[in-house]
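Here's the structure we're looking at; comments come further down.
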Amino acid sequence: MRKRVKASFDPKEFLAKVGEGKTICKYRKDQIVFSQGEVADAVFYIQQGKVKLTVVSEQRKEAVIAILGPGHFLAKDV
């Protein structure tokens, strides 16, 4: 039986080497990073802290769909 070798991706190592297009930002607690309906133009890597993902219904009810922490990626969606 052949062993599968899992590809290793280290986001910290990758981000340390990436050149143009990389920005490191700090956000305050409860600060909105982006809002539902905005055009997708960025991918976020959470280094520390937590990000709460919410959606708002047509009836203006808000629901938490995920809480992300260090090591998670987050992409703006259309």
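Chain identifiers are assigned as A, B, and so on, following the order in which chains appear in the structure tokens; residues are numbered from 1 within each chain, and ligands are numbered from 1 in order of appearance.
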Give me, as CSV, each residue of stretch 4-26 of chain A that comes within 12 Å of stretch 47-69 of chain A, together with its shortest interatomic pair and the distance in Å at one decimal, counting only C-alpha atoms, with rows ordered by chain and rising residue number.
residue,atom,partner,partner_atom,distance
A:Pro11,CA,A:Gln47,CA,9.7
A:Lys12,CA,A:Gln47,CA,8.5
A:Leu15,CA,A:Gln47,CA,10.8
A:Ile24,CA,A:Gln47,CA,9.6
A:Cys25,CA,A:Gln47,CA,10.2
A:Lys26,CA,A:Gln48,CA,9.5
Take the residues that were just selected and, keeping N, CA, C and O atoms, output them as a compact mmCIF listing (two decimals), in the first residue's frame.
# COMPACT_ATOMS: atom_id res chain seq x y z
N PRO A 11 0.97 29.03 6.36
CA PRO A 11 0.57 30.39 6.00
C PRO A 11 1.52 31.46 6.54
O PRO A 11 1.78 32.45 5.88
N LYS A 12 2.04 31.26 7.74
CA LYS A 12 2.96 32.25 8.31
C LYS A 12 4.21 32.36 7.46
O LYS A 12 4.69 33.46 7.19
N LEU A 15 3.20 34.08 4.09
CA LEU A 15 2.96 35.51 4.23
C LEU A 15 4.23 36.29 4.54
O LEU A 15 4.34 37.47 4.19
N ILE A 24 -0.84 44.19 6.50
CA ILE A 24 -1.16 43.69 7.84
C ILE A 24 -1.98 44.77 8.53
O ILE A 24 -1.56 45.92 8.61
N CYS A 25 -3.17 44.40 8.97
CA CYS A 25 -4.09 45.36 9.60
C CYS A 25 -4.47 44.87 10.99
O CYS A 25 -4.53 43.67 11.23
N LYS A 26 -4.72 45.80 11.86
CA LYS A 26 -5.25 45.49 13.18
C LYS A 26 -6.63 46.10 13.27
O LYS A 26 -6.86 47.23 12.84
Surrounding residues of A:Lys22 excluding itself and chain neighbours under 6 positions, 12 Å, only C-alpha atoms, as a ChimeraX atom specification: /A:14-16,42-45
Top pick for closest residue to A:Gly71, considering A:Asp10, A:Gly37, A:Gly21, A:Arg4 and counting only C-alpha atoms: A:Asp10
For atom CA of A:Ile46 and atom CA of A:Leu74, the interatomic separation in Å (one decimal): 7.7 Å
Per-residue DSSP, chain A, filtered to strand (DSSP E or B), as a count of residues only: 19
One-decimal distance in Å that lies between atom CA of A:Lys6 and atom CA of A:Asp41: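 Atom CA of A:Lys6 lies at a distance of 29.5 Å from atom CA of A:Asp41.
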